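**Student:** Provided below: query_13.txt, containing compact mmCIF, C-alpha atoms.
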```
# COMPACT_ATOMS: atom_id res chain seq x y z
CA MET A 1 -29.58 12.62 55.56
CA TYR A 2 -31.60 10.02 53.66
CA LEU A 3 -33.62 12.74 51.89
CA ILE A 4 -30.48 14.62 50.89
CA LEU A 5 -28.92 11.45 49.45
CA ASP A 6 -32.14 10.57 47.68
CA LEU A 7 -32.49 13.99 46.03
CA TYR A 8 -28.77 14.50 45.43
CA VAL A 9 -28.87 11.71 42.84
CA GLU A 10 -31.15 13.90 40.68
CA VAL A 11 -30.05 17.35 41.84
CA PRO A 12 -26.29 17.22 42.44
CA SER A 13 -26.04 20.58 44.18
CA LEU A 14 -26.38 20.92 47.93
CA THR A 15 -26.52 24.72 47.59
CA ALA A 16 -29.54 24.43 45.29
CA LEU A 17 -31.25 21.98 47.62
CA PHE A 18 -30.60 23.91 50.82
CA SER A 19 -31.67 27.23 49.35
CA ASN A 20 -34.93 25.73 48.15
CA PHE A 21 -37.87 26.47 50.47
CA ILE A 22 -39.95 23.52 49.31
CA PHE A 23 -37.09 21.13 50.09
CA TRP A 24 -37.34 22.21 53.74
CA VAL A 25 -41.12 21.64 53.75
CA TYR A 26 -40.43 18.12 52.41
CA TRP A 27 -37.71 17.61 55.01
CA ILE A 28 -39.91 18.83 57.89
CA THR A 29 -42.68 16.42 56.79
CA TYR A 30 -40.28 13.51 57.07
CA CYS A 31 -38.87 14.81 60.37
CA ILE A 32 -42.34 15.01 61.91
CA GLY A 33 -43.03 11.45 60.71
CA ALA A 34 -39.72 10.23 62.17
CA GLU A 35 -40.39 12.01 65.50
CA ILE A 36 -43.81 10.36 65.75
CA ALA A 37 -42.26 6.97 64.96
CA LEU A 38 -39.53 7.52 67.57
CA PHE A 39 -42.06 8.59 70.19
CA THR A 40 -44.16 5.49 69.41
CA LEU A 41 -41.14 3.19 69.70
CA HIS A 42 -40.22 4.69 73.08
CA SER A 43 -43.77 4.60 74.44
CA VAL A 44 -44.35 0.96 73.47
CA GLY A 45 -42.31 -0.04 76.50
CA ASN A 46 -41.13 -3.27 74.94
CA ALA A 47 -38.05 -4.60 76.72
CA ALA A 48 -36.36 -5.59 73.46
CA ILE A 49 -36.63 -2.00 72.18
CA LYS A 50 -35.54 -0.49 75.50
CA ASP A 51 -32.34 -2.55 75.42
CA LEU A 52 -31.39 -1.35 71.95
CA PRO A 53 -28.83 1.45 71.61
CA GLU A 54 -30.47 4.84 70.94
CA PRO A 55 -28.91 5.34 67.44
CA LEU A 56 -30.40 2.02 66.34
CA VAL A 57 -33.87 3.06 67.60
CA VAL A 58 -33.55 6.36 65.69
CA LEU A 59 -32.50 4.46 62.55
CA ALA A 60 -35.49 2.14 62.93
CA ALA A 61 -37.80 5.17 63.31
CA ILE A 62 -36.41 6.79 60.12
CA ALA A 63 -36.56 3.55 58.14
CA GLY A 64 -40.10 2.92 59.36
CA THR A 65 -41.26 6.44 58.50
CA THR A 66 -39.73 6.28 55.02
CA THR A 67 -41.24 2.87 54.31
CA VAL A 68 -44.70 3.90 55.51
CA LEU A 69 -44.73 7.27 53.73
CA GLN A 70 -43.47 5.80 50.46
CA SER A 71 -46.01 3.02 50.30
CA LEU A 72 -49.10 4.23 52.13
CA THR A 73 -52.10 3.44 49.95
CA PHE A 74 -55.68 2.83 51.03
CA LYS A 75 -58.01 1.06 48.61
CA ILE A 76 -61.72 0.27 48.73
CA GLY A 77 -63.22 -1.90 46.00
CA GLY A 78 -60.00 -1.67 44.01
CA ARG A 79 -60.16 2.15 43.96
CA ARG A 80 -57.48 4.20 45.62
CA ILE A 81 -59.11 6.35 48.28
CA LEU A 82 -55.82 7.55 49.74
CA ASP A 83 -52.49 7.39 47.93
CA LEU A 84 -49.94 9.20 50.02
CA SER A 85 -47.02 7.66 48.12
CA GLN A 86 -48.21 9.27 44.86
CA HIS A 87 -48.54 12.69 46.51
CA LEU A 88 -45.08 12.36 48.04
CA ASP A 89 -43.58 11.31 44.68
CA ASP A 90 -45.20 14.34 43.02
CA TYR A 91 -43.88 16.62 45.74
CA ARG A 92 -40.41 15.09 45.51
CA ARG A 93 -40.35 15.82 41.75
CA GLU A 94 -41.45 19.38 42.49
CA VAL A 95 -38.47 19.72 44.87
CA ALA A 96 -36.13 18.37 42.16
CA SER A 97 -37.63 20.62 39.48
CA SER A 98 -37.46 23.83 41.52
CA SER A 99 -33.90 22.98 42.64
CA ALA A 100 -32.93 22.53 38.97
CA LYS A 101 -34.19 26.08 38.36
CA LEU A 102 -31.81 27.30 41.05
CA ILE A 103 -28.99 25.35 39.36
CA LYS A 104 -29.82 27.22 36.14
CA ARG A 105 -29.14 30.49 37.99
CA GLN A 106 -25.86 29.10 39.36
CA GLU A 107 -24.90 28.00 35.85
CA ASN A 108 -25.57 31.48 34.46
CA ARG A 109 -23.23 32.89 37.09
CA ARG A 110 -20.66 30.23 36.16
CA VAL A 111 -20.89 31.29 32.50
CA MET A 112 -20.22 34.94 33.40
CA ARG A 113 -17.27 33.99 35.61
CA GLN A 114 -15.71 31.60 33.08
CA SER A 115 -16.19 34.11 30.23
CA ARG A 116 -14.09 36.67 32.10
CA GLN A 117 -11.44 34.03 32.86
CA ILE A 118 -11.25 32.91 29.22
CA LEU A 119 -10.70 36.51 28.09
CA GLN A 120 -7.97 36.93 30.69
CA LYS A 121 -6.31 33.69 29.67
CA VAL A 122 -6.15 34.57 25.96
CA GLY A 123 -5.16 38.13 26.84
CA TYR A 124 -8.05 39.48 24.81
CA LYS A 125 -8.12 43.18 24.00
CA GLU A 126 -10.99 44.67 22.02
CA GLY A 127 -9.80 45.51 18.49
CA ASP A 128 -6.50 43.68 18.86
CA ALA A 129 -6.20 41.32 15.86
CA VAL A 130 -3.73 38.91 17.52
CA SER A 131 -5.87 38.23 20.59
CA GLU A 132 -8.99 38.06 18.43
CA THR A 133 -7.38 35.38 16.26
CA ARG A 134 -6.43 33.47 19.41
CA LEU A 135 -10.01 33.65 20.67
CA ARG A 136 -11.37 32.51 17.30
CA ARG A 137 -9.02 29.52 17.42
CA GLU A 138 -10.27 28.50 20.87
CA TYR A 139 -13.85 28.93 19.69
CA ALA A 140 -13.20 26.59 16.76
CA ASP A 141 -11.56 24.08 19.11
CA VAL A 142 -14.70 23.94 21.26
CA MET A 143 -17.31 24.19 18.53
CA LEU A 144 -15.97 21.61 16.08
CA PHE A 145 -17.86 18.59 17.31
CA GLY A 146 -19.94 15.82 15.75
CA GLN A 147 -20.41 16.29 12.02
CA ARG A 148 -19.98 20.07 12.09
CA ALA A 149 -17.97 21.55 9.23
CA ALA A 150 -15.22 24.11 9.79
CA GLN A 151 -17.11 26.50 7.51
CA THR A 152 -20.21 26.30 9.75
CA VAL A 153 -18.13 27.28 12.76
CA LYS A 154 -16.48 30.10 10.81
CA ASP A 155 -19.91 31.37 9.70
CA GLU A 156 -21.10 31.30 13.33
CA ILE A 157 -18.21 33.38 14.58
CA ASP A 158 -18.64 35.82 11.68
CA GLN A 159 -22.32 36.08 12.63
CA ILE A 160 -21.34 36.89 16.23
CA ALA A 161 -18.94 39.58 14.94
CA GLN A 162 -21.69 41.09 12.78
CA ASP A 163 -24.22 41.05 15.63
CA CYS A 164 -21.71 42.71 17.95
CA SER A 165 -20.82 45.46 15.51
CA ARG A 166 -24.55 46.09 14.96
CA THR A 167 -25.46 46.18 18.67
CA GLY A 168 -22.21 47.56 20.05
CA ALA A 169 -21.68 44.53 22.28
CA SER A 170 -18.21 43.18 22.97
CA PHE A 171 -17.13 40.53 20.46
CA GLY A 172 -14.76 38.94 22.98
CA GLU A 173 -17.41 38.64 25.67
CA ALA A 174 -19.92 37.15 23.22
CA VAL A 175 -17.47 34.52 21.98
CA ALA A 176 -16.18 33.66 25.45
CA GLU A 177 -19.75 33.37 26.72
CA ARG A 178 -20.66 30.98 23.88
CA ILE A 179 -17.61 28.84 24.75
CA ALA A 180 -18.57 28.76 28.45
CA ARG A 181 -22.16 27.87 27.54
CA THR A 182 -21.04 25.01 25.31
CA ASP A 183 -18.40 23.13 27.25
CA PRO A 184 -17.70 23.94 30.91
CA GLU A 185 -15.33 20.97 31.24
CA TRP A 186 -13.26 22.17 28.28
CA VAL A 187 -13.07 25.62 29.92
CA ARG A 188 -11.92 24.18 33.24
CA ASN A 189 -9.23 22.20 31.44
CA PHE A 190 -8.25 25.25 29.37
CA LEU A 191 -7.98 27.49 32.42
CA ALA A 192 -6.12 24.96 34.50
CA PHE A 193 -3.60 23.43 32.16
CA ARG A 194 -3.07 25.19 28.89
CA SER A 195 -0.35 27.77 28.82
CA ARG A 196 -0.47 30.53 26.28
CA MET B 1 -48.14 18.32 39.27
CA PRO B 2 -48.48 16.32 36.02
CA ASP B 3 -51.85 14.73 35.40
CA GLN B 4 -52.25 11.26 33.92
CA ILE B 5 -53.37 12.43 30.46
CA GLN B 6 -50.50 14.88 30.12
CA MET B 7 -48.10 12.16 31.27
CA ALA B 8 -49.45 9.58 28.81
CA LYS B 9 -49.31 12.06 25.91
CA ALA B 10 -45.73 13.08 26.70
CA GLN B 11 -44.70 9.45 27.13
CA ALA B 12 -46.14 8.52 23.72
CA GLU B 13 -44.34 11.45 22.09
CA LEU B 14 -41.00 10.43 23.60
CA LEU B 15 -41.42 6.80 22.60
CA ASN B 16 -41.60 7.96 18.98
CA ASP B 17 -38.77 10.47 19.22
CA ASP B 18 -35.47 9.03 20.28
CA ALA B 19 -33.61 12.34 19.85
CA ALA B 20 -35.98 14.17 22.21
CA ALA B 21 -35.75 11.33 24.73
CA GLN B 22 -31.95 11.56 24.65
CA VAL B 23 -32.14 15.33 25.18
CA LEU B 24 -34.40 14.85 28.21
CA LYS B 25 -32.08 12.21 29.66
CA PHE B 26 -29.11 14.54 29.29
CA VAL B 27 -30.90 17.50 30.90
CA LEU B 28 -31.98 15.27 33.80
CA LYS B 29 -28.41 14.05 34.22
CA ARG B 30 -27.02 17.59 34.43
CA SER B 31 -30.07 19.24 36.06
CA ALA B 32 -29.52 22.28 33.80
CA ALA B 33 -27.93 22.45 30.36
CA THR B 34 -27.73 24.77 27.37
CA GLY B 35 -28.70 23.67 23.87
CA TRP B 36 -25.04 23.88 22.85
CA MET B 37 -24.00 21.56 25.70
CA ILE B 38 -26.66 19.07 24.66
CA ALA B 39 -25.72 19.15 20.97
CA LYS B 40 -22.03 18.71 21.72
CA GLU B 41 -22.41 16.00 24.33
CA LEU B 42 -24.88 13.98 22.25
CA GLY B 43 -23.05 14.71 18.97
CA GLN B 44 -26.35 15.89 17.53
CA ASP B 45 -27.00 18.17 14.62
CA THR B 46 -27.83 21.58 16.13
CA GLY B 47 -31.06 21.79 14.10
CA LEU B 48 -32.23 18.51 15.59
CA THR B 49 -31.36 19.72 19.11
CA ILE B 50 -33.37 22.92 18.62
CA ALA B 51 -36.33 20.91 17.29
CA SER B 52 -36.14 18.53 20.28
CA LEU B 53 -35.90 21.40 22.75
CA ASN B 54 -38.90 23.15 21.19
CA LYS B 55 -40.90 19.94 21.29
CA LEU B 56 -40.00 19.26 24.94
CA ARG B 57 -40.89 22.83 25.88
CA GLY B 58 -44.16 22.56 23.99
CA LEU B 59 -45.02 19.44 25.98
CA SER B 60 -44.09 21.21 29.26
CA ILE B 61 -41.34 18.66 29.89
CA LEU B 62 -38.55 21.24 29.88
CA GLU B 63 -38.44 24.92 30.70
CA GLY B 64 -35.80 27.33 29.52
CA ASP B 65 -34.58 30.80 30.43
CA GLY B 66 -33.92 31.68 26.82
CA SER B 67 -34.52 30.33 23.39
CA GLY B 68 -32.47 28.33 20.90
CA LEU B 69 -29.13 26.82 21.79
CA ASP B 70 -27.85 29.57 24.10
CA GLY B 71 -30.59 29.24 26.71
CA PHE B 72 -30.34 27.07 29.81
CA TYR B 73 -32.95 24.34 30.12
CA SER B 74 -34.12 22.38 33.15
CA SER B 75 -36.72 19.71 33.68
CA THR B 76 -40.23 20.32 35.00
CA SER B 77 -41.79 17.87 37.45
CA LEU B 78 -43.39 16.17 34.41
CA GLY B 79 -39.88 15.72 32.99
CA TYR B 80 -38.71 14.10 36.22
CA ALA B 81 -41.71 11.77 36.19
CA LEU B 82 -40.96 10.83 32.56
CA GLY B 83 -37.30 10.36 33.37
CA GLU B 84 -38.21 7.55 35.73
CA THR B 85 -40.11 5.88 32.87
CA ILE B 86 -37.69 6.44 30.00
CA SER B 87 -34.73 5.18 31.98
CA LYS B 88 -36.53 1.84 31.98
CA LEU B 89 -37.35 2.03 28.26
CA PHE B 90 -34.00 3.14 26.76
```
Here is the file; what I need is its structure written in the form of structure tokens.

**Tutor:**
Amino acid sequence: MYLILDLYVEVPSLTALFSNFIFWVYWITYCIGAEIALFTLHSVGNAAIKDLPEPLVVLAAIAGTTTVLQSLTFKIGGRRILDLSQHLDDYRREVASSSAKLIKRQENRRVMRQSRQILQKVGYKEGDAVSETRLRREYADVMLFGQRAAQTVKDEIDQIAQDCSRTGASFGEAVAERIARTDPEWVRNFLAFRSR
Amino acid sequence: MPDQIQMAKAQAELLNDDAAAQVLKFVLKRSAATGWMIAKELGQDTGLTIASLNKLRGLSILEGDGSGLDGFYSSTSLGYALGETISKLF
């Protein structure tokens, strides 16, 4: 639970974390540490520990494991001979980085899904001037941000139209995809609230 | 895993490039973002966003599944290590 909370701050997707093999290696490492700590606490035979409720002993084992693993450094003559905390930090970043790659895949799927929904919402039909104008208007709504001029946005959409007529790709899909890639929150709001 | 020299070089580059540092912070916040998302959210000129993305990719701080503004970008482990530093600096 602690590991999930710790990583969730940087990788806010449980699906990405749980489908990441190296997350489970990281998790198993901590579990083994916590099991050893729990076994040690039970085998000490101290009366004070024996009287404690089991959940509290487990919590102490987890806290102890985390503290030891995150700070274990062994120095001789000022030189670090063993620095487990550094290795664990590096591994933790590797978990975050590879989970972010999985989020990229999820985001690509989100773009495809939202593109289809945008086209449905504006009632887009290939070659239909009315629905194309509607789509262009939504594009301008999303893409006019910062210091961008209306002409720049118009040029962009004309460029998309040119590229599509050259390659035979769908103009509607290309525009809707650009919108979904630019502002997912705007799309959610558009799909949920705006009526056409 | 990032080595110390690579880390120091990347850190020095980011200290002198506020725009690139902001881009990295945004990508770390979202885990994955397109160039368009970054430009819009940060209110940046798109040319500046592309330049920052290219620089961050060149330094192995970000990796992308495409190029330019349409591609999705995520942070490498070096980026996550730098994120811990730049959050203290900016």

**Student:** Figure out the distance between CA of Phe72 in chain B and CA of Ala149 in chain A, please, to one decimal in Å.

**Tutor:**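 Computing the Euclidean distance for CA of Ala149 in chain A and CA of Phe72 in chain B yields 24.6 Å.
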
**Student:** Measuring between only C-alpha atoms, which one of B:Glu41, B:Ser67, B:Leu53, B:Glu84 shows the shortest distance to Ala20 in chain B?

**Tutor:** B:Leu53

**Student:** Restrict the distance test to only C-alpha atoms, flag each residue of chain A within 10 Å of chain B, and return the flagged residues as an MDAnalysis selection string.

**Tutor:** chainID A and resid 9:13 87 89:108 142:148 177:184

**Student:** Taking (-9.9, 39.6, 24.1) in the file's coordinates, which residues come within 7 Å, counting all atoms listed in the file, written as an mmCIF file with C-alpha atoms, in the frame of the given file?

**Tutor:**
```cif
data_model
loop_
_atom_site.group_PDB
_atom_site.id
_atom_site.type_symbol
_atom_site.label_atom_id
_atom_site.label_comp_id
_atom_site.auth_asym_id
_atom_site.auth_seq_id
_atom_site.Cartn_x
_atom_site.Cartn_y
_atom_site.Cartn_z
ATOM 1 C CA LEU A 119 -10.700 36.510 28.090
ATOM 2 C CA VAL A 122 -6.150 34.570 25.960
ATOM 3 C CA GLY A 123 -5.160 38.130 26.840
ATOM 4 C CA TYR A 124 -8.050 39.480 24.810
ATOM 5 C CA LYS A 125 -8.120 43.180 24.000
ATOM 6 C CA GLU A 126 -10.990 44.670 22.020
ATOM 7 C CA SER A 131 -5.870 38.230 20.590
ATOM 8 C CA GLU A 132 -8.990 38.060 18.430
ATOM 9 C CA LEU A 135 -10.010 33.650 20.670
ATOM 10 C CA GLY A 172 -14.760 38.940 22.980
#
```

**Student:** Tell me, as a PyMOL selection string, which residues lie within 9 Å of range 154-161 of chain A, counting only C-alpha atoms; anything in the same chain fewer than 6 positions away does not count.

**Tutor:** chain A and resi 136+139-140+170-171+174-175

**Student:** Just give me the gap between CA of Val111 in chain A and CA of Gln162 in chain A in Å, one decimal is fine.

**Tutor:**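 Distance reported for this atom pair: 22.0 Å.
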
**Student:** Could you give me, as a list in words, the residues within 10 Å of Asp83 in chain A, counting all atoms listed in the file and dropping anything in the same chain fewer than 5 positions from it?

**Tutor:** Leu69, Gln70, Ser71, Leu72, Thr73, Phe74, Lys75 and Leu88 of chain A

**Student:** In Å, rounded to a single decimal, give me how far CA of Leu38 in chain A is from CA of Val57 in chain A.

**Tutor:**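 Rounded to one decimal, the two atoms are 7.2 Å apart.
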
**Student:** N, CA and C atoms are what I want for range 41-62 of chain A; can you complete it accordingly and write them as a short mmCIF file (atom, residue, chain, number, x, y, z; two decimals), in the frame of the given file?

**Tutor:**
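Result written to out12.cif:
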```
data_model
loop_
_atom_site.label_atom_id
_atom_site.label_comp_id
_atom_site.auth_asym_id
_atom_site.auth_seq_id
_atom_site.Cartn_x
_atom_site.Cartn_y
_atom_site.Cartn_z
N LEU A 41 -42.07 4.26 69.31
CA LEU A 41 -41.14 3.19 69.70
C LEU A 41 -40.78 3.27 71.19
N HIS A 42 -40.58 4.52 71.66
CA HIS A 42 -40.22 4.69 73.08
C HIS A 42 -41.40 4.40 73.99
N SER A 43 -42.60 4.75 73.55
CA SER A 43 -43.77 4.60 74.44
C SER A 43 -44.33 3.18 74.44
N VAL A 44 -43.85 2.34 73.50
CA VAL A 44 -44.35 0.96 73.47
C VAL A 44 -43.95 0.23 74.75
N GLY A 45 -42.76 0.53 75.25
CA GLY A 45 -42.31 -0.04 76.50
C GLY A 45 -41.82 -1.47 76.38
N ASN A 46 -41.62 -1.92 75.16
CA ASN A 46 -41.13 -3.27 74.94
C ASN A 46 -39.68 -3.38 75.42
N ALA A 47 -39.39 -4.44 76.15
CA ALA A 47 -38.05 -4.60 76.72
C ALA A 47 -36.97 -4.70 75.63
N ALA A 48 -37.32 -5.41 74.56
CA ALA A 48 -36.36 -5.59 73.46
C ALA A 48 -35.95 -4.25 72.86
N ILE A 49 -36.91 -3.32 72.74
CA ILE A 49 -36.63 -2.00 72.18
C ILE A 49 -35.83 -1.16 73.19
N LYS A 50 -36.22 -1.28 74.45
CA LYS A 50 -35.54 -0.49 75.50
C LYS A 50 -34.06 -0.84 75.61
N ASP A 51 -33.74 -2.11 75.31
CA ASP A 51 -32.34 -2.55 75.42
C ASP A 51 -31.49 -2.13 74.23
N LEU A 52 -32.14 -1.73 73.16
CA LEU A 52 -31.39 -1.35 71.95
C LEU A 52 -30.67 -0.02 72.15
N PRO A 53 -29.50 0.13 71.55
CA PRO A 53 -28.83 1.45 71.61
C PRO A 53 -29.66 2.52 70.90
N GLU A 54 -29.61 3.76 71.46
CA GLU A 54 -30.47 4.84 70.94
C GLU A 54 -30.29 5.08 69.42
N PRO A 55 -29.04 5.10 68.88
CA PRO A 55 -28.91 5.34 67.44
C PRO A 55 -29.65 4.31 66.59
N LEU A 56 -29.71 3.08 67.10
CA LEU A 56 -30.40 2.02 66.34
C LEU A 56 -31.91 2.26 66.36
N VAL A 57 -32.42 2.76 67.49
CA VAL A 57 -33.87 3.06 67.60
C VAL A 57 -34.20 4.21 66.64
N VAL A 58 -33.32 5.22 66.60
CA VAL A 58 -33.55 6.36 65.69
C VAL A 58 -33.55 5.88 64.24
N LEU A 59 -32.59 5.01 63.91
CA LEU A 59 -32.50 4.46 62.55
C LEU A 59 -33.76 3.68 62.19
N ALA A 60 -34.26 2.92 63.16
CA ALA A 60 -35.49 2.14 62.93
C ALA A 60 -36.67 3.08 62.70
N ALA A 61 -36.71 4.19 63.46
CA ALA A 61 -37.80 5.17 63.31
C ALA A 61 -37.75 5.80 61.92
N ILE A 62 -36.55 6.16 61.45
CA ILE A 62 -36.41 6.79 60.12
C ILE A 62 -36.79 5.80 59.02
#
```
